[in-house]
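One structure is given below, encoded as structure tokens.
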2 protein chains.
Amino acid sequence: MLGKTMRRIVASMGVLAAGTPALLGDEGMWLYTNPPLARLKERYGFEPGKEWLEHLQKSSVRFNSGGSGSFVSKDGLVMTNHHVAADALQKMGTPERNYYRDGFYAKTRGEERKCEAMELNVLESIEDVTARVEGAVKGDMKPDQAAKARRAVMNAIEDEETKKTGLRSNIVTLYQGGAYHLYRFKRYTDVRLVWAPEQQIAFFGGDPDNFEFPRYCLDAAFFRVYENDKPAEIKHFLKWSANGCADGELTFVSGHPGRTNRLATVAELEYTRDIGYPYLMQRLYRMEVLLNAFSARSEENARQAKELLFSVQNSRKARLGGLGGLMDPAVMARKRAEEAKLREAAEKDPKLADAKGAWDKVAEVYKTRAKILKRHGMLEGGAAFASDLFGIARTLVRSAQERDKPQAERLREFIDSNKQPLELQLFSEEPIYEGFEILRLADSLASLSEQLGHDDPLVVKVLAGKSPVDRAAELVNGSKLKDVATRKKLYEDGLPAVTASKDPMIELALLVDPESRELRKVMENEVEEPQRQAYAQIAKVKFALEGTSTYRDATFTLRLSYGPVKGYQEAGKKVAPITTVGGLYERSKGQNNKAPFDLPPLWAKKKDSINLDTPFNFVSTADIIGGNSGSPVVNKAGEVVGLIFDGNIQSLVLDFAYSDEQARAVSVCSQVITEALRKVYDASPLADELQGK
Amino acid sequence: MLGKTMRRIVASMGVLAAGTPALLGDEGMWLYTNPPLARLKERYGFEPGKEWLEHLQKSSVRFNSGGSGSFVSKDGLVMTNHHVAADALQKMGTPERNYYRDGFYAKTRGEERKCEAMELNVLESIEDVTARVEGAVKGDMKPDQAAKARRAVMNAIEDEETKKTGLRSNIVTLYQGGAYHLYRFKRYTDVRLVWAPEQQIAFFGGDPDNFEFPRYCLDAAFFRVYENDKPAEIKHFLKWSANGCADGELTFVSGHPGRTNRLATVAELEYTRDIGYPYLMQRLYRMEVLLNAFSARSEENARQAKELLFSVQNSRKARLGGLGGLMDPAVMARKRAEEAKLREAAEKDPKLADAKGAWDKVAEVYKTRAKILKRHGMLEGGAAFASDLFGIARTLVRSAQERDKPQAERLREFIDSNKQPLELQLFSEEPIYEGFEILRLADSLASLSEQLGHDDPLVVKVLAGKSPVDRAAELVNGSKLKDVATRKKLYEDGLPAVTASKDPMIELALLVDPESRELRKVMENEVEEPQRQAYAQIAKVKFALEGTSTYRDATFTLRLSYGPVKGYQEAGKKVAPITTVGGLYERSKGQNNKAPFDLPPLWAKKKDSINLDTPFNFVSTADIIGGNSGSPVVNKAGEVVGLIFDGNIQSLVLDFAYSDEQARAVSVCSQVITEALRKVYDASPLADELQGK
């Protein structure tokens, strides 16, 4: 899945910044203030006008939950993915009705269901406020004073703008501070669900087909925004294409890509390729086998492990895709050439002299990271203690240690603003299964011993003279932290109670804590901070060199991507760019209709009604990433021909570098949406609204 | 599965030798010439007489295919496991009848089906011929002359004995040459199948329950031996117990354990625990995920990957069990104490002075092994080239290079006696699936790059400037070796044709060959040979110290083990020692009767007829290992109470060291065999024959 995965990848990469120099093919996630007019003209002879762009921009919608969408009728109808609507669908459910699984359709406007805490934003305008922000910083300020002054003026601008325009106003930092843009959004806070299909057709093929193509997913849903309890009147909405998507057709994607790391140096990419990802993959492989074997032994086991197993599989596929891209010599050669250009500029331009050492600094930082990788991952990362009870014990220990410190000195997860979510999690009544706990803890303790060595002093103490499985059983069976009241009491009684506790998990967390904190300090001070500084310098060079002649790294702001519908070669075979409804039935039949390839009952029943030649999913070369989920895909006429919902596995390298050889964005065809609404879901009024009938 | 797995573990460990000093609990795989009389008396107050032992010995049967069995009627009826009978069942099948899957029952003797190439041996006597063998070696002989002289006298003794007695006569080398025993066997070559159940009840629970307990497997089958076309008249056969197995009851196992490595030094065990097994596990985890993910994408994929996937899972479970045992501090402490005793003896006894350095030698050898582990495994082990086509290419290349060398100088797989099986495999028409080949090769090429480094000169040449997946596709799609005629032609045309070939797989095999051979040389000369020598010295110390006061490492010869029916603790929970038929139905129901927990139709149908309280499988502390499959389990009266078919996962440490904490032998209860024959299979005459009715 696109959205979820990308967030996970990003979380593991640290925070990087902006831009890309030489452009490849249909590369680019372009700001609407800086659209790729020259490239579109040159490559496709197409010159979108100002109105064309403004219309597409203002028809685009951002979900505050993290996805994209678009207006598709004058009456406030919004199109997005089923998986973007998933949270809302789940919250709406009752013990009797599972809308997430079974779908939803409001036959009348009166039946449209309001979604709590959902907000949609439409980008009205962007203004460059770099001069004003930088103007607030005086030359003699120390770095922390400068940061404060910058933050203050940014807050002031945002406040002013909100009051003046009534629009949500946010300043976005680009290029690690190379530029500041003010974004003004119109907000819609009354959002109601109109239609969603069954999860089984939205995510047909489940994990096996996740990130793959050919694909047959109706990953779509519709909401409607209301104002004053009436459907909002929308000026800018996208018309439905009469013909839909077609092979070779140029398409445009307007959405909110979350984060890319295209500034990553060659040293970082090589580390990721040779050390970081392989190490992580090894852990994921091991976990997947453990969870699969456990699940195979009983249905109850399978139920307990399901969520974790899916998340491990999703991560494994995503990493494998990224790794595959990094192993492509063409990708790395391009990265090398780009880097050489930037380094040359830093060498030549005295104004950029500060940045000269930045690349070597990153390389050095990654050597340190490699050195502490295992130990940090095992202890501070918790890979050695894969147990919910250990997590609870560590939180109790650290919360007791941290709470009396000044805010600025605390570990970040214990600052006041994180208190509420922390307590929510700590006191959750979610069940803890002892057998499952022991299984995971025994396996992770064994891997601790394998990774750090059986005779390592800390390992010896952790295992306490027992085998991993015996030690795990002793820890899990002996801990009283399964009981929420016990946790609450320890939490309230604080440090004295925690240090005096004889709970074996608390004792273990206390035992591991000193070295674990030490490793965290090394990671923060000797890796993350110097890395941040080095990338800020590299970003400056890039900005100096290229200014606005290119796009910037994704920042969850509205971007325009483009590229034709186009197949590709995989393992020497041709992959056609468009699937059909007939293919869905064949895929299911070929798998004997077994989960996750089982047809929803309605689709089995309506097979004779639906046109089997209807295009179902397609791929294009557009440059997208997580956050683009739900983005509309339009043709040159600005009409909807599709709906982004995934990337193929080869697209996962787009985190680091664009490639159009195999990387593809995957969309739902507009044709299957209306065909299914009419023939499967008996929802012709909705199809009529889309098609303007 | 017991048999299969153990052979695999052994294959990976190299050849080691004999003995164990201090005995733990019910430890020991005892030779019938040296039964554990003192221990049985001391621990259980039981003193089996000479006749008791002779009767059990002569009722025991060895299958030439590698398993054990026993006579269970005067008319030549032989009991063994379904999985020992598997080969015979498969060979007997026709396109219309799948006896392996569906079972077999000969209602009359006339319907009993002869099994081609099956031979059963019964041990008649053992004679110590050490003096005569050693007498042939003169003091001034060089090692290779000594070996020749020894082999010559052994051949002579075997020939003489066969002629004299008409019995099959084999000399078995114990303690790496510390002792030589002549075994005389009666041969039965007319073996006919009487009964076997469905594979689904024989291996109920499949891989998820493999090596686990509680268990519900009717892993049993019956043959009958014939002489002169009539059922053989058997003097020594086992009577069926009227009561069957019971918790706490002392039992005896008589069978042919294949191979144990209990002489392994602490250095070897630490290597295995810290380096060897973890490295192997990592590969197995990766392969399992790859094959699982591939299988999930289509039924056809699943079919292609099934056999390899099962074998990977079986290996993974077996290794995990062995590793778990090595991580048990009690096991390692005992090994340390044993080793200290032997080292002390070598230090003190001048006659054993040669052996003083042997333990350090083993440690040194394992350092070398660790150094070349990755590179050797990747290149010579073929882990970098997981492709049938590459295997074919390598065989063609090496066969062409080796065939003109003198026998003694060839790689061992190319000596004349291996020619026939080699050609059989090389020219096999078994299908090669391109997609599956590319999948495995791409993944293994990626792991080559990760393990040896992306910039390693050989890696660079192997990948040839392409990503692993592109390179794999190019190699597989470009190779003509899928065609058997092409292989034959290259094989016949020999070295000139091979070196001139433009087939990309042949080119790859040629590219890798020089370094691969170099690594093999290091492994053979600097690891395996010095290791063999060091273990021969250690074996001498052990023999000098303990002589016949203990048992010897397993050698596929008949052994007696013993131990009570006894449960154990697992992850803090008690595991009861005996399951029942009722448990089978509950297990299947709890899994919604889904494969591999589905009941065979007959078992579903007969649920109301069969007594649900009938004991099904039990565990005991007897010391067994692969090769013991099919061994009878008898009580003090020498009556059948069970049938060995597996060990639990904790028993997999028995390869290195006995343990009775959790390690258990797993048997079919005698009670379920007769109950099922009568109530499920309508085979009362067979049950009557067993029960002497």
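Just so we're on the same page: first chain in the structure tokens is A, next is B, and so on; residues restart at 1 for each chain, and ligands are numbered from 1 in the order they show up.
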
If the cut-off is 7 Å, can you tell me the residues of chain B near chain A, counting only C-alpha atoms? I'd like them as a compact mmCIF listing (two decimals) with all heavy atoms, in the first residue's frame.
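The file below, part13.txt, is the result:
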# COMPACT_ATOMS: atom_id res chain seq x y z
N PRO B 208 3.17 -27.06 9.75
CA PRO B 208 2.95 -26.35 11.02
C PRO B 208 3.15 -27.25 12.24
O PRO B 208 3.68 -26.79 13.25
CB PRO B 208 1.50 -25.87 10.90
CG PRO B 208 1.25 -25.75 9.43
CD PRO B 208 2.07 -26.84 8.80
N ASP B 209 2.72 -28.51 12.17
CA ASP B 209 2.86 -29.39 13.33
C ASP B 209 4.10 -30.27 13.28
O ASP B 209 4.37 -31.01 14.23
CB ASP B 209 1.60 -30.26 13.48
CG ASP B 209 0.53 -29.53 14.30
OD1 ASP B 209 0.72 -28.33 14.55
OD2 ASP B 209 -0.47 -30.16 14.67
N ASP B 274 26.98 -19.75 17.13
CA ASP B 274 27.15 -18.31 16.94
C ASP B 274 27.32 -17.90 15.48
O ASP B 274 27.04 -16.76 15.12
CB ASP B 274 28.37 -17.82 17.73
CG ASP B 274 28.20 -18.06 19.23
OD1 ASP B 274 27.04 -18.18 19.67
OD2 ASP B 274 29.22 -18.15 19.94
N PRO B 278 23.30 -19.54 12.65
CA PRO B 278 22.68 -18.23 12.36
C PRO B 278 22.83 -17.83 10.89
O PRO B 278 21.90 -17.29 10.29
CB PRO B 278 23.42 -17.26 13.27
CG PRO B 278 23.84 -18.10 14.43
CD PRO B 278 24.17 -19.45 13.83
N GLN B 282 19.60 -17.46 8.37
CA GLN B 282 19.34 -16.22 7.65
C GLN B 282 19.01 -16.53 6.19
O GLN B 282 18.08 -15.96 5.62
CB GLN B 282 20.61 -15.39 7.77
CG GLN B 282 20.56 -14.01 7.24
CD GLN B 282 21.97 -13.44 7.28
OE1 GLN B 282 22.73 -13.63 8.24
NE2 GLN B 282 22.34 -12.75 6.23
N TYR B 285 15.53 -18.24 6.16
CA TYR B 285 14.45 -17.25 6.36
C TYR B 285 14.17 -16.53 5.04
O TYR B 285 13.03 -16.36 4.62
CB TYR B 285 14.85 -16.21 7.41
CG TYR B 285 14.82 -16.69 8.84
CD1 TYR B 285 15.84 -16.37 9.73
CD2 TYR B 285 13.75 -17.44 9.32
CE1 TYR B 285 15.81 -16.79 11.06
CE2 TYR B 285 13.72 -17.86 10.64
CZ TYR B 285 14.75 -17.54 11.50
OH TYR B 285 14.71 -17.95 12.80
N ARG B 286 15.23 -16.07 4.42
CA ARG B 286 15.09 -15.31 3.18
C ARG B 286 14.44 -16.15 2.09
O ARG B 286 13.52 -15.70 1.40
CB ARG B 286 16.48 -14.85 2.76
CG ARG B 286 16.49 -14.04 1.49
CD ARG B 286 17.89 -13.52 1.20
NE ARG B 286 17.87 -12.70 0.01
CZ ARG B 286 18.58 -11.59 -0.17
NH1 ARG B 286 19.38 -11.18 0.79
NH2 ARG B 286 18.49 -10.90 -1.28
N VAL B 289 10.65 -16.74 2.82
CA VAL B 289 9.81 -15.59 2.51
C VAL B 289 9.67 -15.43 0.99
O VAL B 289 8.57 -15.22 0.47
CB VAL B 289 10.40 -14.30 3.13
CG1 VAL B 289 9.69 -13.07 2.59
CG2 VAL B 289 10.28 -14.36 4.65
N ALA B 293 6.05 -15.79 -0.70
CA ALA B 293 5.47 -14.65 -1.41
C ALA B 293 5.17 -15.04 -2.85
O ALA B 293 4.11 -14.71 -3.40
CB ALA B 293 6.41 -13.45 -1.35
N ALA B 296 2.12 -17.32 -2.95
CA ALA B 296 0.85 -16.64 -2.66
C ALA B 296 0.27 -15.97 -3.90
O ALA B 296 -0.92 -15.71 -3.95
CB ALA B 296 1.05 -15.60 -1.57
N ARG B 297 1.11 -15.72 -4.91
CA ARG B 297 0.60 -14.98 -6.06
C ARG B 297 -0.19 -15.84 -7.04
O ARG B 297 -0.98 -15.31 -7.82
CB ARG B 297 1.74 -14.25 -6.78
CG ARG B 297 2.37 -13.19 -5.86
CD ARG B 297 2.84 -11.99 -6.62
NE ARG B 297 1.75 -11.31 -7.24
CZ ARG B 297 1.82 -10.75 -8.44
NH1 ARG B 297 2.93 -10.78 -9.12
NH2 ARG B 297 0.76 -10.13 -8.94
N SER B 298 0.02 -17.14 -7.06
CA SER B 298 -0.86 -17.99 -7.88
C SER B 298 -0.72 -19.45 -7.51
O SER B 298 0.28 -19.87 -6.95
CB SER B 298 -0.58 -17.82 -9.38
OG SER B 298 0.54 -18.58 -9.78
N GLU B 299 -1.75 -20.22 -7.83
CA GLU B 299 -1.73 -21.66 -7.54
C GLU B 299 -0.61 -22.33 -8.33
O GLU B 299 0.03 -23.26 -7.85
CB GLU B 299 -3.07 -22.28 -7.92
CG GLU B 299 -4.24 -21.66 -7.21
CD GLU B 299 -4.95 -22.65 -6.28
OE1 GLU B 299 -5.13 -23.80 -6.67
OE2 GLU B 299 -5.28 -22.23 -5.15
N MET B 327 21.69 -23.07 22.62
CA MET B 327 21.57 -21.85 23.43
C MET B 327 21.18 -22.17 24.87
O MET B 327 21.03 -21.26 25.68
CB MET B 327 20.55 -20.91 22.79
CG MET B 327 21.13 -20.21 21.59
SD MET B 327 20.18 -18.76 21.19
CE MET B 327 21.16 -18.10 19.83
N ASP B 328 21.00 -23.45 25.15
CA ASP B 328 20.68 -23.84 26.53
C ASP B 328 21.98 -23.95 27.32
O ASP B 328 22.83 -24.79 27.03
CB ASP B 328 19.95 -25.19 26.47
CG ASP B 328 19.54 -25.68 27.86
OD1 ASP B 328 20.04 -25.11 28.85
OD2 ASP B 328 18.73 -26.61 27.93
N PRO B 329 22.18 -23.09 28.31
CA PRO B 329 23.46 -23.08 29.04
C PRO B 329 23.77 -24.44 29.68
O PRO B 329 24.94 -24.81 29.79
CB PRO B 329 23.25 -22.01 30.12
CG PRO B 329 22.14 -21.18 29.63
CD PRO B 329 21.26 -22.06 28.81
N GLU B 450 25.09 -8.24 -1.61
CA GLU B 450 25.03 -7.79 -0.22
C GLU B 450 26.12 -8.43 0.63
O GLU B 450 26.74 -7.79 1.48
CB GLU B 450 23.66 -8.12 0.38
CG GLU B 450 22.55 -7.26 -0.19
CD GLU B 450 21.16 -7.86 0.08
OE1 GLU B 450 21.02 -8.61 1.05
OE2 GLU B 450 20.25 -7.59 -0.72
N GLY B 465 27.27 -5.12 -14.84
CA GLY B 465 26.70 -3.78 -15.02
C GLY B 465 25.18 -3.74 -14.99
O GLY B 465 24.58 -2.74 -15.38
N LYS B 466 24.57 -4.82 -14.54
CA LYS B 466 23.11 -4.84 -14.51
C LYS B 466 22.60 -5.01 -13.08
O LYS B 466 23.34 -5.44 -12.20
CB LYS B 466 22.59 -5.98 -15.37
CG LYS B 466 23.04 -5.87 -16.80
CD LYS B 466 22.13 -6.59 -17.76
CE LYS B 466 22.54 -6.28 -19.19
NZ LYS B 466 23.97 -6.56 -19.46
N SER B 467 21.34 -4.71 -12.87
CA SER B 467 20.74 -4.99 -11.57
C SER B 467 20.55 -6.51 -11.47
O SER B 467 20.46 -7.19 -12.49
CB SER B 467 19.41 -4.27 -11.43
OG SER B 467 18.46 -4.88 -12.28
N VAL B 469 18.04 -8.36 -10.88
CA VAL B 469 16.87 -8.93 -11.56
C VAL B 469 17.04 -8.88 -13.08
O VAL B 469 16.70 -9.84 -13.78
CB VAL B 469 15.56 -8.25 -11.08
CG1 VAL B 469 15.53 -6.79 -11.45
CG2 VAL B 469 14.34 -8.97 -11.63
N ASP B 470 17.63 -7.82 -13.59
CA ASP B 470 17.87 -7.76 -15.04
C ASP B 470 18.88 -8.81 -15.46
O ASP B 470 18.75 -9.45 -16.50
CB ASP B 470 18.38 -6.37 -15.43
CG ASP B 470 17.28 -5.32 -15.35
OD1 ASP B 470 16.10 -5.72 -15.25
OD2 ASP B 470 17.60 -4.12 -15.37
N ALA B 473 17.28 -12.24 -15.43
CA ALA B 473 16.39 -12.43 -16.59
C ALA B 473 17.22 -12.70 -17.84
O ALA B 473 16.89 -13.60 -18.64
CB ALA B 473 15.51 -11.20 -16.78
N ALA B 571 7.71 -23.24 27.44
CA ALA B 571 7.31 -21.85 27.67
C ALA B 571 6.46 -21.73 28.94
O ALA B 571 5.44 -21.04 28.95
CB ALA B 571 6.57 -21.30 26.45
N GLY B 572 6.89 -22.46 29.99
CA GLY B 572 6.20 -22.35 31.27
C GLY B 572 4.90 -23.13 31.37
O GLY B 572 4.23 -23.09 32.39
N GLN B 591 -9.15 -25.71 13.51
CA GLN B 591 -8.54 -25.12 12.32
C GLN B 591 -9.55 -25.09 11.16
O GLN B 591 -9.15 -24.97 9.99
CB GLN B 591 -7.31 -25.93 11.91
CG GLN B 591 -6.23 -25.95 12.96
CD GLN B 591 -5.44 -24.65 12.95
OE1 GLN B 591 -5.94 -23.60 13.37
NE2 GLN B 591 -4.24 -24.69 12.45

According to DSSP computed on the backbone, where in range 69-290 of chain A is there strand (DSSP E)? Give the residues as a ChimeraX atom specification. /A:69-71,77-80,104-105,113-114,120-128,168-174,179-188,190-196,221-227,230-231,250-255

When you look at Ser659 in chain A with a cut-off of 9 Å (counting only C-alpha atoms), what residues show up, excluding the ones that are within fewer than 2 positions of it in the same chain? I need them as a CSV table (one decimal) with N, CA and C atoms, in the first residue's frame.
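Okay, this is what ended up in selection36.csv:
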chain,number,residue,atom,x,y,z
A,24,LEU,N,15.1,13.5,-15.5
A,24,LEU,CA,15.0,12.3,-16.4
A,24,LEU,C,13.6,12.1,-16.8
A,25,GLY,N,13.4,11.9,-18.1
A,25,GLY,CA,12.0,11.6,-18.5
A,25,GLY,C,10.9,12.5,-18.0
A,26,ASP,N,9.9,11.9,-17.3
A,26,ASP,CA,8.8,12.6,-16.8
A,26,ASP,C,9.0,13.0,-15.3
A,27,GLU,N,10.3,13.1,-15.0
A,27,GLU,CA,10.6,13.4,-13.6
A,27,GLU,C,9.9,14.7,-13.0
A,325,GLY,N,15.8,-0.9,-6.6
A,325,GLY,CA,16.2,0.3,-7.3
A,325,GLY,C,17.6,0.7,-7.1
A,331,VAL,N,20.6,3.9,-11.9
A,331,VAL,CA,20.1,4.8,-10.9
A,331,VAL,C,21.3,5.4,-10.1
A,621,THR,N,3.9,6.8,-16.1
A,621,THR,CA,5.2,7.1,-15.6
A,621,THR,C,5.3,8.3,-14.6
A,623,ASP,N,5.5,10.8,-11.6
A,623,ASP,CA,6.4,10.8,-10.5
A,623,ASP,C,5.6,11.0,-9.2
A,650,GLN,N,8.7,-1.6,-8.3
A,650,GLN,CA,9.9,-0.9,-8.8
A,650,GLN,C,9.8,0.6,-8.5
A,651,SER,N,8.6,1.1,-8.2
A,651,SER,CA,8.4,2.6,-8.0
A,651,SER,C,9.0,3.0,-6.6
A,653,VAL,N,11.8,2.9,-5.4
A,653,VAL,CA,13.0,3.6,-5.5
A,653,VAL,C,12.8,5.1,-5.6
A,654,LEU,N,11.6,5.5,-6.0
A,654,LEU,CA,11.3,6.9,-6.2
A,654,LEU,C,11.5,7.8,-4.9
A,657,ALA,N,15.2,8.4,-6.1
A,657,ALA,CA,15.5,8.9,-7.4
A,657,ALA,C,14.4,8.5,-8.4
A,661,GLU,N,12.1,3.6,-16.1
A,661,GLU,CA,12.4,2.3,-16.8
A,661,GLU,C,11.3,1.3,-16.4
A,662,GLN,N,11.1,1.1,-15.1
A,662,GLN,CA,10.1,0.2,-14.6
A,662,GLN,C,9.1,0.8,-13.6
A,663,ALA,N,9.6,1.8,-12.9
A,663,ALA,CA,8.8,2.4,-11.9
A,663,ALA,C,7.5,3.0,-12.5
A,664,ARG,N,6.4,2.6,-11.9
A,664,ARG,CA,5.1,3.1,-12.4
A,664,ARG,C,4.1,3.5,-11.3

Apply DSSP to the structure's backbone, then extract all residues of range 19-252 of chain A labelled alpha helix (DSSP H) and return them as a ChimeraX atom specification. /A:37-44,50-59,82-92,99-102,130-135,143-165,199-202,206-209

Between A:Tyr183, A:Phe385, A:Phe556, A:Trp240, which is the closest to Asp688 in chain A once you count only C-alpha atoms?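 Of the candidates, the smallest distance to Asp688 in chain A is held by A:Trp240.
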
Within 12 Å of Lys607 in chain A using only C-alpha atoms, minus same-chain residues under 2 positions, as JSON, numbers by chain: {"A": [581, 582, 583, 584, 585, 586, 599, 600, 601, 602, 603, 604, 605, 609, 610, 611, 612, 613, 675, 676, 679, 680]}

Restricting it to N, CA, C and O atoms, dump the selection as an mmCIF file, in the first residue's frame.
data_model
loop_
_atom_site.group_PDB
_atom_site.id
_atom_site.type_symbol
_atom_site.label_atom_id
_atom_site.label_comp_id
_atom_site.auth_asym_id
_atom_site.auth_seq_id
_atom_site.Cartn_x
_atom_site.Cartn_y
_atom_site.Cartn_z
ATOM 1 N N VAL A 581 -11.838 -5.664 -16.442
ATOM 2 C CA VAL A 581 -12.714 -6.357 -15.493
ATOM 3 C C VAL A 581 -12.660 -7.866 -15.740
ATOM 4 O O VAL A 581 -12.661 -8.660 -14.798
ATOM 5 N N GLY A 582 -12.569 -8.257 -17.006
ATOM 6 C CA GLY A 582 -12.445 -9.684 -17.311
ATOM 7 C C GLY A 582 -11.238 -10.290 -16.612
ATOM 8 O O GLY A 582 -11.283 -11.417 -16.120
ATOM 9 N N GLY A 583 -10.150 -9.516 -16.567
ATOM 10 C CA GLY A 583 -8.933 -9.989 -15.903
ATOM 11 C C GLY A 583 -9.149 -10.256 -14.425
ATOM 12 O O GLY A 583 -8.567 -11.188 -13.859
ATOM 13 N N LEU A 584 -9.993 -9.443 -13.792
ATOM 14 C CA LEU A 584 -10.326 -9.667 -12.377
ATOM 15 C C LEU A 584 -10.907 -11.059 -12.180
ATOM 16 O O LEU A 584 -10.479 -11.818 -11.307
ATOM 17 N N TYR A 585 -11.893 -11.386 -13.024
ATOM 18 C CA TYR A 585 -12.553 -12.689 -12.864
ATOM 19 C C TYR A 585 -11.585 -13.835 -13.158
ATOM 20 O O TYR A 585 -11.625 -14.872 -12.506
ATOM 21 N N GLU A 586 -10.707 -13.615 -14.132
ATOM 22 C CA GLU A 586 -9.730 -14.664 -14.444
ATOM 23 C C GLU A 586 -8.744 -14.856 -13.294
ATOM 24 O O GLU A 586 -8.395 -15.975 -12.937
ATOM 25 N N LEU A 599 -13.735 -13.185 -4.759
ATOM 26 C CA LEU A 599 -14.590 -12.090 -5.222
ATOM 27 C C LEU A 599 -15.589 -11.736 -4.132
ATOM 28 O O LEU A 599 -16.145 -12.638 -3.497
ATOM 29 N N PRO A 600 -15.876 -10.452 -3.929
ATOM 30 C CA PRO A 600 -16.988 -10.115 -3.042
ATOM 31 C C PRO A 600 -18.262 -10.717 -3.657
ATOM 32 O O PRO A 600 -18.394 -10.745 -4.889
ATOM 33 N N PRO A 601 -19.204 -11.176 -2.827
ATOM 34 C CA PRO A 601 -20.402 -11.845 -3.353
ATOM 35 C C PRO A 601 -21.096 -11.049 -4.462
ATOM 36 O O PRO A 601 -21.519 -11.616 -5.475
ATOM 37 N N LEU A 602 -21.166 -9.727 -4.286
ATOM 38 C CA LEU A 602 -21.847 -8.890 -5.271
ATOM 39 C C LEU A 602 -21.161 -8.968 -6.632
ATOM 40 O O LEU A 602 -21.821 -8.977 -7.675
ATOM 41 N N TRP A 603 -19.855 -9.017 -6.639
ATOM 42 C CA TRP A 603 -19.102 -9.083 -7.896
ATOM 43 C C TRP A 603 -19.276 -10.445 -8.560
ATOM 44 O O TRP A 603 -19.286 -10.551 -9.787
ATOM 45 N N ALA A 604 -19.417 -11.492 -7.742
ATOM 46 C CA ALA A 604 -19.645 -12.826 -8.307
ATOM 47 C C ALA A 604 -21.027 -12.848 -8.964
ATOM 48 O O ALA A 604 -21.194 -13.334 -10.074
ATOM 49 N N LYS A 605 -21.994 -12.254 -8.254
ATOM 50 C CA LYS A 605 -23.382 -12.248 -8.707
ATOM 51 C C LYS A 605 -23.577 -11.415 -9.976
ATOM 52 O O LYS A 605 -24.370 -11.764 -10.843
ATOM 53 N N SER A 609 -23.693 -8.962 -15.685
ATOM 54 C CA SER A 609 -24.192 -7.614 -15.994
ATOM 55 C C SER A 609 -23.056 -6.678 -16.415
ATOM 56 O O SER A 609 -23.222 -5.824 -17.279
ATOM 57 N N ILE A 610 -21.911 -6.831 -15.807
ATOM 58 C CA ILE A 610 -20.826 -5.859 -16.020
ATOM 59 C C ILE A 610 -20.096 -6.149 -17.324
ATOM 60 O O ILE A 610 -19.944 -7.313 -17.717
ATOM 61 N N ASN A 611 -19.667 -5.110 -17.998
ATOM 62 C CA ASN A 611 -18.921 -5.265 -19.245
ATOM 63 C C ASN A 611 -17.481 -5.678 -18.925
ATOM 64 O O ASN A 611 -16.723 -4.928 -18.329
ATOM 65 N N LEU A 612 -17.128 -6.898 -19.351
ATOM 66 C CA LEU A 612 -15.823 -7.457 -18.983
ATOM 67 C C LEU A 612 -14.656 -6.748 -19.652
ATOM 68 O O LEU A 612 -13.513 -6.897 -19.233
ATOM 69 N N ASP A 613 -14.941 -5.982 -20.705
ATOM 70 C CA ASP A 613 -13.857 -5.261 -21.379
ATOM 71 C C ASP A 613 -13.538 -3.926 -20.723
ATOM 72 O O ASP A 613 -12.628 -3.222 -21.148
ATOM 73 N N GLU A 675 -18.744 2.184 -14.357
ATOM 74 C CA GLU A 675 -19.331 0.876 -14.724
ATOM 75 C C GLU A 675 -19.748 0.097 -13.471
ATOM 76 O O GLU A 675 -20.848 -0.466 -13.413
ATOM 77 N N ALA A 676 -18.875 0.092 -12.450
ATOM 78 C CA ALA A 676 -19.192 -0.655 -11.220
ATOM 79 C C ALA A 676 -20.335 0.020 -10.470
ATOM 80 O O ALA A 676 -21.226 -0.653 -9.942
ATOM 81 N N LYS A 679 -23.454 -1.031 -12.613
ATOM 82 C CA LYS A 679 -23.797 -2.436 -12.834
ATOM 83 C C LYS A 679 -23.652 -3.318 -11.587
ATOM 84 O O LYS A 679 -24.291 -4.356 -11.488
ATOM 85 N N VAL A 680 -22.772 -2.934 -10.676
ATOM 86 C CA VAL A 680 -22.570 -3.766 -9.494
ATOM 87 C C VAL A 680 -23.289 -3.183 -8.276
ATOM 88 O O VAL A 680 -23.933 -3.905 -7.520
#
